[in-house]
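Data block for protein39.cif (mmCIF, C-alpha atoms):
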```cif
data_upload
loop_
_atom_site.label_atom_id
_atom_site.label_comp_id
_atom_site.auth_asym_id
_atom_site.auth_seq_id
_atom_site.Cartn_x
_atom_site.Cartn_y
_atom_site.Cartn_z
CA MET A 1 -0.74 27.23 15.62
CA ASN A 2 1.79 24.43 15.78
CA ILE A 3 2.70 21.90 13.16
CA VAL A 4 0.39 19.17 14.46
CA THR A 5 -2.63 21.42 14.02
CA ILE A 6 -1.61 22.45 10.51
CA VAL A 7 -1.05 18.88 9.29
CA ALA A 8 -4.17 17.62 11.05
CA ILE A 9 -6.29 20.32 9.39
CA SER A 10 -4.75 19.46 6.00
CA ALA A 11 -5.62 15.79 6.57
CA LEU A 12 -9.18 16.69 7.52
CA LEU A 13 -9.46 18.94 4.46
CA LEU A 14 -8.31 16.08 2.22
CA PHE A 15 -10.98 13.92 3.80
CA GLY A 16 -13.55 16.70 3.26
CA ILE A 17 -12.60 17.18 -0.41
CA GLY A 18 -13.01 13.44 -0.89
CA LEU A 19 -16.39 13.54 0.82
CA TYR A 20 -17.51 16.39 -1.43
CA GLY A 21 -16.32 14.52 -4.51
CA LEU A 22 -18.22 11.45 -3.41
CA TRP A 23 -21.37 13.45 -2.85
CA SER A 24 -21.48 15.91 -5.70
CA GLY A 25 -21.29 13.80 -8.82
CA ARG A 26 -22.44 10.60 -10.43
CA ASN A 27 -19.26 9.69 -12.27
CA VAL A 28 -17.81 6.38 -11.10
CA LEU A 29 -14.22 7.44 -11.74
CA ARG A 30 -14.84 10.53 -9.65
CA TRP A 31 -16.06 8.35 -6.78
CA ILE A 32 -12.96 6.16 -6.92
CA LEU A 33 -10.69 9.21 -6.87
CA ALA A 34 -12.73 10.69 -4.03
CA VAL A 35 -12.39 7.54 -1.93
CA GLY A 36 -8.65 7.61 -2.63
CA LEU A 37 -8.46 11.19 -1.36
CA MET A 38 -10.38 10.28 1.79
CA GLU A 39 -8.01 7.36 2.36
CA THR A 40 -5.02 9.67 2.03
CA GLY A 41 -6.53 12.06 4.55
CA VAL A 42 -7.08 9.26 7.07
CA ASN A 43 -3.56 7.91 6.51
CA VAL A 44 -1.95 11.31 7.06
CA PHE A 45 -3.95 11.74 10.23
CA LEU A 46 -2.96 8.30 11.52
CA VAL A 47 0.74 8.87 10.86
CA LEU A 48 0.45 12.22 12.59
CA THR A 49 -0.73 10.62 15.83
CA GLY A 50 2.68 8.96 16.17
CA TRP A 51 4.63 12.16 15.69
CA ARG A 52 6.45 13.85 18.51
CA PRO A 53 8.57 17.00 18.54
CA GLY A 54 12.12 16.52 17.36
CA ALA A 55 11.70 12.82 16.63
CA ALA A 56 13.49 10.96 13.86
CA ALA A 57 12.35 8.11 11.61
CA PRO A 58 11.84 4.92 13.68
CA ILE A 59 15.11 3.26 12.72
CA VAL A 60 17.55 2.21 15.42
CA THR A 61 20.87 3.99 15.00
CA GLU A 62 23.79 4.75 17.25
CA ALA A 63 21.82 7.58 18.83
CA PHE A 64 19.39 5.05 20.27
CA SER A 65 19.46 4.69 24.03
CA THR A 66 17.39 2.18 25.97
CA SER A 67 16.99 4.61 28.84
CA GLY A 68 15.45 8.02 28.41
CA PRO A 69 12.78 8.94 25.88
CA LEU A 70 12.70 7.20 22.54
CA PRO A 71 14.38 9.41 19.96
CA PHE A 72 12.00 8.42 17.22
CA ILE A 73 8.32 8.62 16.36
CA ASP A 74 5.88 5.94 17.45
CA PRO A 75 6.27 3.18 14.80
CA VAL A 76 2.87 1.56 15.41
CA PRO A 77 0.72 4.04 13.40
CA SER A 78 3.27 3.94 10.58
CA ALA A 79 2.99 0.15 10.40
CA LEU A 80 -0.81 0.41 10.42
CA VAL A 81 -0.74 2.94 7.60
CA LEU A 82 1.55 0.68 5.55
CA THR A 83 -1.18 -1.97 5.68
CA SER A 84 -3.85 0.62 4.97
CA ILE A 85 -2.09 1.86 1.83
CA VAL A 86 -1.73 -1.66 0.42
CA ILE A 87 -5.37 -2.54 1.12
CA GLY A 88 -6.40 0.80 -0.44
CA LEU A 89 -4.49 -0.14 -3.57
CA GLY A 90 -6.28 -3.47 -3.75
CA THR A 91 -9.74 -1.96 -3.33
CA THR A 92 -8.96 0.72 -5.92
CA THR A 93 -7.97 -1.99 -8.40
CA LEU A 94 -11.21 -3.86 -7.79
CA ALA A 95 -13.24 -0.65 -8.07
CA LEU A 96 -11.53 0.24 -11.37
CA ALA A 97 -12.32 -3.21 -12.76
CA LEU A 98 -15.96 -2.75 -11.79
CA ALA A 99 -15.91 0.73 -13.39
CA VAL A 100 -14.61 -0.81 -16.63
CA LEU A 101 -17.45 -3.34 -16.44
CA HIS A 102 -19.97 -0.55 -15.92
CA GLY A 103 -18.52 1.42 -18.80
CA GLN A 104 -18.82 -1.59 -21.10
CA GLU A 105 -22.43 -2.18 -20.11
CA HIS A 106 -23.65 1.40 -20.36
CA GLY A 107 -21.17 3.12 -22.63
CA ASN A 108 -20.43 5.79 -20.04
CA LEU A 109 -19.20 6.10 -16.46
CA ASP A 110 -22.23 7.84 -15.01
CA CYS A 111 -24.03 5.93 -12.35
CA GLY A 112 -27.54 7.19 -11.74
CA ASP A 113 -30.54 5.32 -10.42
CA ASP A 114 -32.43 5.39 -13.65
CA PRO A 115 -31.72 7.77 -16.54
CA GLY A 116 -35.39 8.52 -17.12
CA THR A 117 -36.12 9.44 -13.53
CA LEU A 118 -33.06 11.67 -13.39
CA GLU A 119 -34.17 13.63 -16.41
CA VAL A 120 -37.56 14.23 -14.86
CA LEU A 121 -35.98 15.37 -11.61
CA GLU A 122 -33.65 17.87 -13.19
CA MET B 123 -28.41 24.23 -4.76
CA THR B 124 -27.50 20.74 -5.89
CA ARG B 125 -23.83 21.74 -5.80
CA LEU B 126 -23.98 23.83 -2.65
CA LEU B 127 -25.54 21.21 -0.41
CA PRO B 128 -22.75 18.58 -0.70
CA ALA B 129 -20.12 21.28 -0.22
CA LEU B 130 -21.80 22.62 2.89
CA VAL B 131 -22.34 19.14 4.35
CA SER B 132 -18.71 18.16 3.67
CA LEU B 133 -17.49 21.38 5.26
CA ALA B 134 -19.72 20.77 8.27
CA VAL B 135 -18.34 17.23 8.64
CA VAL B 136 -14.75 18.52 8.46
CA VAL B 137 -15.40 21.25 11.03
CA LEU B 138 -17.18 18.80 13.32
CA LEU B 139 -14.38 16.23 13.04
CA GLY B 140 -11.81 18.95 13.61
CA ALA B 141 -13.62 20.18 16.70
CA LEU B 142 -13.92 16.62 17.98
CA LEU B 143 -10.38 15.47 17.30
CA LEU B 144 -8.28 18.60 17.71
CA THR B 145 -9.56 20.05 20.96
CA GLY B 146 -9.57 19.08 24.58
CA PRO B 147 -8.76 15.63 25.96
CA THR B 148 -9.10 13.84 22.61
CA ARG B 149 -6.25 15.88 21.23
CA ASP B 150 -4.06 15.14 24.24
CA GLY B 151 -4.85 11.45 23.92
CA LEU B 152 -4.24 11.30 20.18
CA PHE B 153 -1.10 13.39 19.98
CA ARG B 154 0.88 12.24 22.98
CA GLY B 155 3.40 11.19 20.38
CA SER B 156 3.18 7.61 21.52
CA SER B 157 0.57 4.90 21.55
CA GLY B 158 2.20 3.49 24.66
CA LEU B 159 3.07 0.44 22.57
CA GLY B 160 6.09 2.17 21.12
CA ASP B 161 7.61 2.64 24.54
CA THR B 162 7.42 -0.97 25.62
CA PHE B 163 8.32 -2.15 22.16
CA SER B 164 11.98 -2.84 21.39
CA ARG B 165 13.14 -1.87 24.85
CA ARG B 166 12.77 -5.14 26.63
CA ASP B 167 14.92 -8.14 26.14
CA ALA B 168 13.13 -11.18 27.48
CA ARG B 169 16.39 -12.94 28.19
CA GLY B 170 17.98 -10.36 30.39
CA PRO B 171 18.16 -6.72 31.31
CA ALA B 172 18.62 -4.40 28.38
CA PRO B 173 21.99 -2.71 28.17
CA ASP B 174 22.04 0.98 28.75
CA ARG B 175 23.06 1.94 25.28
CA VAL B 176 22.49 0.01 22.09
CA GLY B 177 23.85 0.71 18.69
CA PRO B 178 24.62 -1.11 15.49
CA GLY B 179 26.99 -3.88 16.32
CA SER B 180 25.61 -4.78 19.71
CA ARG B 181 22.67 -6.92 20.77
CA GLY B 182 20.12 -6.27 23.42
CA LEU B 183 17.14 -5.15 21.40
CA GLU B 184 14.24 -7.52 21.24
CA ASN B 185 14.17 -7.53 17.46
CA ALA B 186 16.93 -7.75 14.92
CA SER B 187 15.45 -5.28 12.43
CA ALA B 188 16.89 -1.83 12.83
CA ASN B 189 13.79 -0.46 11.15
CA THR B 190 11.12 -0.82 13.81
CA VAL B 191 8.24 -0.41 11.36
CA THR B 192 9.54 -3.47 9.50
CA ALA B 193 9.89 -5.26 12.83
CA ILE B 194 6.21 -4.63 13.52
CA VAL B 195 5.04 -5.52 10.02
CA LEU B 196 7.00 -8.74 9.60
CA ASP B 197 7.70 -9.98 13.10
CA TYR B 198 5.21 -8.79 15.72
CA ARG B 199 2.33 -8.57 13.24
CA GLY B 200 3.60 -11.01 10.62
CA PHE B 201 0.30 -12.85 10.57
CA ASP B 202 -1.50 -9.59 9.78
CA THR B 203 0.83 -9.11 6.83
CA LEU B 204 -0.08 -12.56 5.54
CA GLY B 205 -3.72 -11.48 5.75
CA GLU B 206 -2.87 -8.20 4.02
CA VAL B 207 -1.18 -10.01 1.14
CA THR B 208 -4.20 -12.30 0.94
CA VAL B 209 -6.56 -9.31 0.71
CA LEU B 210 -4.42 -7.84 -2.07
CA PHE B 211 -4.54 -11.17 -3.89
CA ALA B 212 -8.31 -11.40 -3.44
CA ALA B 213 -8.82 -7.86 -4.78
CA VAL B 214 -6.68 -8.47 -7.86
CA ALA B 215 -8.30 -11.87 -8.44
CA GLY B 216 -11.70 -10.21 -8.11
CA ALA B 217 -10.71 -7.63 -10.71
CA GLY B 218 -9.63 -10.44 -13.02
CA LEU B 219 -12.87 -12.30 -12.38
CA ALA B 220 -15.00 -9.21 -13.05
CA LEU B 221 -13.31 -8.66 -16.39
CA PHE B 222 -13.04 -12.33 -17.34
CA GLY B 223 -14.01 -12.91 -20.95
CA ARG B 224 -13.96 -9.21 -21.72
CA ARG B 225 -10.60 -9.21 -23.40
CA ARG B 226 -10.19 -8.08 -26.95
CA ARG B 227 -10.91 -10.85 -29.37
CA GLY B 228 -8.19 -12.36 -31.48
CA GLN B 229 -4.79 -13.68 -30.54
CA ALA B 230 -2.85 -10.45 -30.75
CA PRO B 231 -4.74 -7.42 -29.51
CA PRO B 232 -4.34 -4.44 -31.83
CA ARG B 233 -2.00 -1.94 -30.31
CA ARG B 234 -0.41 1.28 -31.25
CA ARG B 235 3.33 1.22 -31.75
CA ALA B 236 5.28 2.63 -28.84
CA SER B 237 6.82 6.02 -29.56
CA LEU B 238 10.53 6.49 -30.21
CA ILE B 239 11.02 8.24 -26.88
CA LEU B 240 9.49 5.32 -24.98
CA THR B 241 11.40 2.61 -26.82
CA THR B 242 14.71 4.48 -26.45
CA ALA B 243 14.35 5.35 -22.79
CA ALA B 244 12.63 2.17 -21.61
CA PRO B 245 15.73 -0.11 -21.27
CA PHE B 246 17.56 2.34 -19.04
CA VAL B 247 14.53 3.20 -16.94
CA VAL B 248 13.53 -0.46 -16.60
CA LEU B 249 17.02 -1.44 -15.49
CA PHE B 250 17.02 1.41 -12.99
CA LEU B 251 13.59 0.45 -11.67
CA PHE B 252 14.56 -3.21 -11.26
CA VAL B 253 17.80 -2.42 -9.43
CA VAL B 254 16.21 0.15 -7.14
CA GLY B 255 13.18 -2.05 -6.55
CA LEU B 256 15.31 -5.02 -5.53
CA ALA B 257 17.53 -2.84 -3.34
CA VAL B 258 14.50 -1.31 -1.60
CA ALA B 259 12.98 -4.75 -1.05
CA LEU B 260 16.21 -6.28 0.27
CA HIS B 261 17.01 -3.42 2.67
CA GLY B 262 13.59 -3.24 4.27
CA HIS B 263 14.99 -4.10 7.69
CA LEU B 264 17.57 -1.30 7.56
CA THR B 265 16.04 1.58 5.60
CA PRO B 266 12.57 2.88 4.89
CA GLY B 267 10.93 0.82 2.19
CA GLY B 268 10.62 -2.93 2.02
CA GLY B 269 8.72 -5.46 -0.02
CA PHE B 270 5.64 -3.42 -0.81
CA PRO B 271 7.28 -0.32 -2.35
CA GLY B 272 10.00 -2.56 -3.79
CA GLY B 273 7.37 -4.74 -5.43
CA ALA B 274 5.59 -1.66 -6.75
CA LEU B 275 8.85 -0.48 -8.34
CA LEU B 276 9.43 -3.90 -9.93
CA ALA B 277 5.86 -3.86 -11.23
CA ALA B 278 6.42 -0.38 -12.68
CA GLY B 279 9.44 -1.76 -14.54
CA LEU B 280 7.45 -4.73 -15.84
CA VAL B 281 4.57 -2.51 -16.98
CA LEU B 282 7.00 -0.17 -18.74
CA LEU B 283 8.58 -3.17 -20.44
CA MET B 284 5.11 -4.35 -21.41
CA SER B 285 4.11 -1.04 -22.98
CA SER B 286 7.40 -0.37 -24.73
CA THR B 287 7.89 -3.79 -26.33
CA GLY B 288 4.22 -4.63 -26.85
CA HIS B 289 4.75 -8.09 -25.40
CA GLU B 290 2.56 -8.91 -22.48
CA PRO B 291 3.76 -11.38 -19.86
CA SER B 292 1.81 -14.61 -20.01
CA ALA B 293 -0.92 -14.95 -17.44
CA ARG B 294 0.23 -18.44 -16.54
CA ARG B 295 3.71 -17.28 -15.66
CA LEU B 296 2.38 -14.41 -13.54
CA HIS B 297 0.01 -16.72 -11.70
CA LEU B 298 2.80 -19.23 -11.13
CA LEU B 299 5.03 -16.52 -9.64
CA GLU B 300 2.20 -15.26 -7.49
CA GLY B 301 1.24 -18.70 -6.21
CA LEU B 302 4.86 -19.60 -5.57
CA ALA B 303 5.36 -16.42 -3.53
CA GLY B 304 2.23 -17.06 -1.48
CA PHE B 305 3.28 -20.66 -0.89
CA SER B 306 6.78 -19.54 0.18
CA PHE B 307 5.32 -17.08 2.68
CA VAL B 308 3.29 -19.83 4.34
CA THR B 309 6.30 -22.18 4.20
CA VAL B 310 8.41 -19.65 6.09
CA GLY B 311 5.58 -19.37 8.60
CA VAL B 312 5.42 -23.15 9.05
CA ALA B 313 9.21 -23.29 9.42
CA GLY B 314 8.85 -20.86 12.32
CA LEU B 315 6.15 -23.11 13.76
CA VAL B 316 8.39 -26.17 13.51
CA TRP B 317 11.60 -24.67 14.89
CA LYS B 318 10.42 -21.90 17.19
CA GLY B 319 6.97 -23.06 18.16
CA SER B 320 4.87 -20.28 16.68
CA PHE B 321 3.69 -19.46 13.18
CA LEU B 322 5.95 -16.97 11.36
CA ALA B 323 8.43 -16.88 14.22
CA HIS B 324 11.85 -15.91 12.93
CA PHE B 325 13.65 -19.22 12.93
CA THR B 326 17.21 -18.03 12.47
CA GLY B 327 18.97 -15.42 14.44
CA GLY B 328 21.02 -12.86 12.62
CA GLY B 329 24.20 -10.95 12.86
CA ALA B 330 24.67 -7.68 14.64
CA LEU B 331 22.00 -5.03 14.46
CA GLY B 332 22.52 -2.78 11.48
CA ASP B 333 24.31 -5.38 9.40
CA PHE B 334 22.74 -6.59 6.19
CA TRP B 335 22.38 -10.13 7.57
CA SER B 336 20.96 -8.97 10.86
CA ALA B 337 17.48 -10.29 10.05
CA PRO B 338 17.62 -13.10 7.45
CA VAL B 339 13.94 -14.08 7.78
CA THR B 340 12.86 -10.46 7.28
CA ILE B 341 14.92 -10.28 4.09
CA LEU B 342 13.41 -13.54 2.86
CA LEU B 343 9.84 -12.50 3.66
CA TYR B 344 10.21 -9.07 2.08
CA LEU B 345 11.71 -10.63 -1.05
CA ILE B 346 8.71 -12.97 -1.24
CA ILE B 347 6.33 -10.03 -0.72
CA ALA B 348 8.12 -8.03 -3.43
CA LEU B 349 7.70 -10.93 -5.89
CA LYS B 350 4.06 -11.36 -4.96
CA VAL B 351 3.20 -7.65 -5.10
CA SER B 352 5.01 -7.13 -8.41
CA SER B 353 3.33 -10.10 -10.10
CA GLU B 354 -0.07 -9.09 -8.74
CA LEU B 355 0.24 -5.46 -9.80
CA THR B 356 1.50 -6.41 -13.25
CA GLY B 357 -1.40 -8.83 -13.54
CA ALA B 358 -3.85 -6.12 -12.49
CA VAL B 359 -2.51 -3.63 -15.04
CA ARG B 360 -2.58 -6.35 -17.69
CA THR B 361 -6.20 -7.16 -16.85
CA LEU B 362 -7.29 -3.53 -16.93
CA ALA B 363 -5.29 -2.59 -20.03
CA LEU B 364 -6.38 -5.44 -22.27
CA VAL B 365 -10.15 -5.16 -22.01
CA GLU B 366 -12.14 -4.32 -25.06
CA ASP B 367 -12.82 -0.62 -25.41
CA PRO B 368 -16.44 -0.11 -26.50
CA THR B 369 -15.61 3.25 -28.07
CA ASP B 370 -12.91 1.59 -30.15
CA LYS B 371 -15.24 -0.57 -32.22
CA GLU B 372 -15.19 1.62 -35.30
CA ALA B 373 -11.44 1.35 -35.55
CA PRO B 374 -10.20 -1.46 -37.79
#
```

Before we go any further, please render this structure as structure tokens.
Amino acid sequence: MNIVTIVAISALLLFGIGLYGLWSGRNVLRWILAVGLMETGVNVFLVLTGWRPGAAAPIVTEAFSTSGPLPFIDPVPSALVLTSIVIGLGTTTLALALAVLHGQEHGNLDCGDDPGTLEVLE
Amino acid sequence: MTRLLPALVSLAVVVLLGALLLTGPTRDGLFRGSSGLGDTFSRRDARGPAPDRVGPGSRGLENASANTVTAIVLDYRGFDTLGEVTVLFAAVAGAGLALFGRRRRGQAPPRRRASLILTTAAPFVVLFLFVVGLAVALHGHLTPGGGFPGGALLAAGLVLLMSSTGHEPSARRLHLLEGLAGFSFVTVGVAGLVWKGSFLAHFTGGGALGDFWSAPVTILLYLIIALKVSSELTGAVRTLALVEDPTDKEAP
């Protein structure tokens, strides 16, 4: 089992934990955290696709040679993930604001369909 | 049962994704270690054959940023970054809009006094955060980092200042900073359009690769992004922190 497999499985597990968190509760804050975990999993996976054995950070140094294989990882997924992290931050902010709004309206952070129906069901 | 089902479904999704992505031809395609773009990128010089060996102090690379991720974010995909900053602005503005009119009543919101530890440590930590944040933002073309983490560090300093002194930055000033930064970004883009013929083209060349002045437009853009991100994040924290707490009503 090489390092790519280990990191990829960790990324998938992060995604899975997020999915479980999204599915198993009705707390809004829990959903936001779960989506954040899923995002992290996806980001780790994306960065991993640019990795290659023995590669350095994608910064041109004296070791850089224009012939032969590139000595560093593929910078394109890293740049994509940079964008992804920033957008994730923005959506989390918006989601938190909506959660605050929900909390002010209902006095709690639980988001069910209708409290009465839920009580009957459980 | 209600707990077991989500767990089982999530596990099934993970196993399925793992089987799909980590076996066979998909795995070979995903983990070649290169998207193919990385190989063509930064090897070709449009104006002549690339020299055999390139290091700091010599030219020949297509882009002046030593950090190739920065080169992608601010040069090749600079327009995407403008969109990214716009999305961040829209999200923070949406948060402000959602919570508009939900601030605590009264001119000065009641607040607890900051603890002795916070007030003593804050000046040093804030100074440290500002210096590191600016350094990270200014060296984005040479080292990992850049305007986004730099701006986050600056915002952390501002938020710490806010919570230790109890003074909140005025919304008008934050909005002015934010709008100015956005306007500057577009101005730099238009300058590229005027002098180099395409939006956000880097209109001045730089010094040798690896020098601080190797990519002046990158420095400028990352500084603008740092200002924009820090003012937006501070504004977001301010919006979220100053809403009325419904459980706090009994308190005087």

### Expected answer as a PyMOL selection string: all residues with atoms within 6 Å of (-15.2, 1.7, -8.7), only C-alpha atoms
chain A and resi 28+32+95-96+98-99

### Task
One decimal, Å: what's the distance from atom CA of Leu331 of chain B over to atom CA of Thr192 of chain B, could you say?
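Distance between the two atoms: 13.5 Å.
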
### Chain and number of each residue from the PyMOL selection byres ((chain A) within 6 of (chain B)), as a ChimeraX atom specification
/A:12,16,19-20,23-24,49-52,58-62,65-66,74-75,79,90,94,97

### Message
One number please: atom CA of Lys318 of chain B to atom CA of Leu260 of chain B, in Å, one decimal.
### Response
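Computing the Euclidean distance for atom CA of Lys318 of chain B and atom CA of Leu260 of chain B yields 23.7 Å.
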
### Message
I'd like the interatomic distance between atom CA of Val248 of chain B and atom CA of Leu282 of chain B, to a tenth of an Å.
### Response
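Value for the atom CA of Val248 of chain B-atom CA of Leu282 of chain B distance: 6.9 Å.
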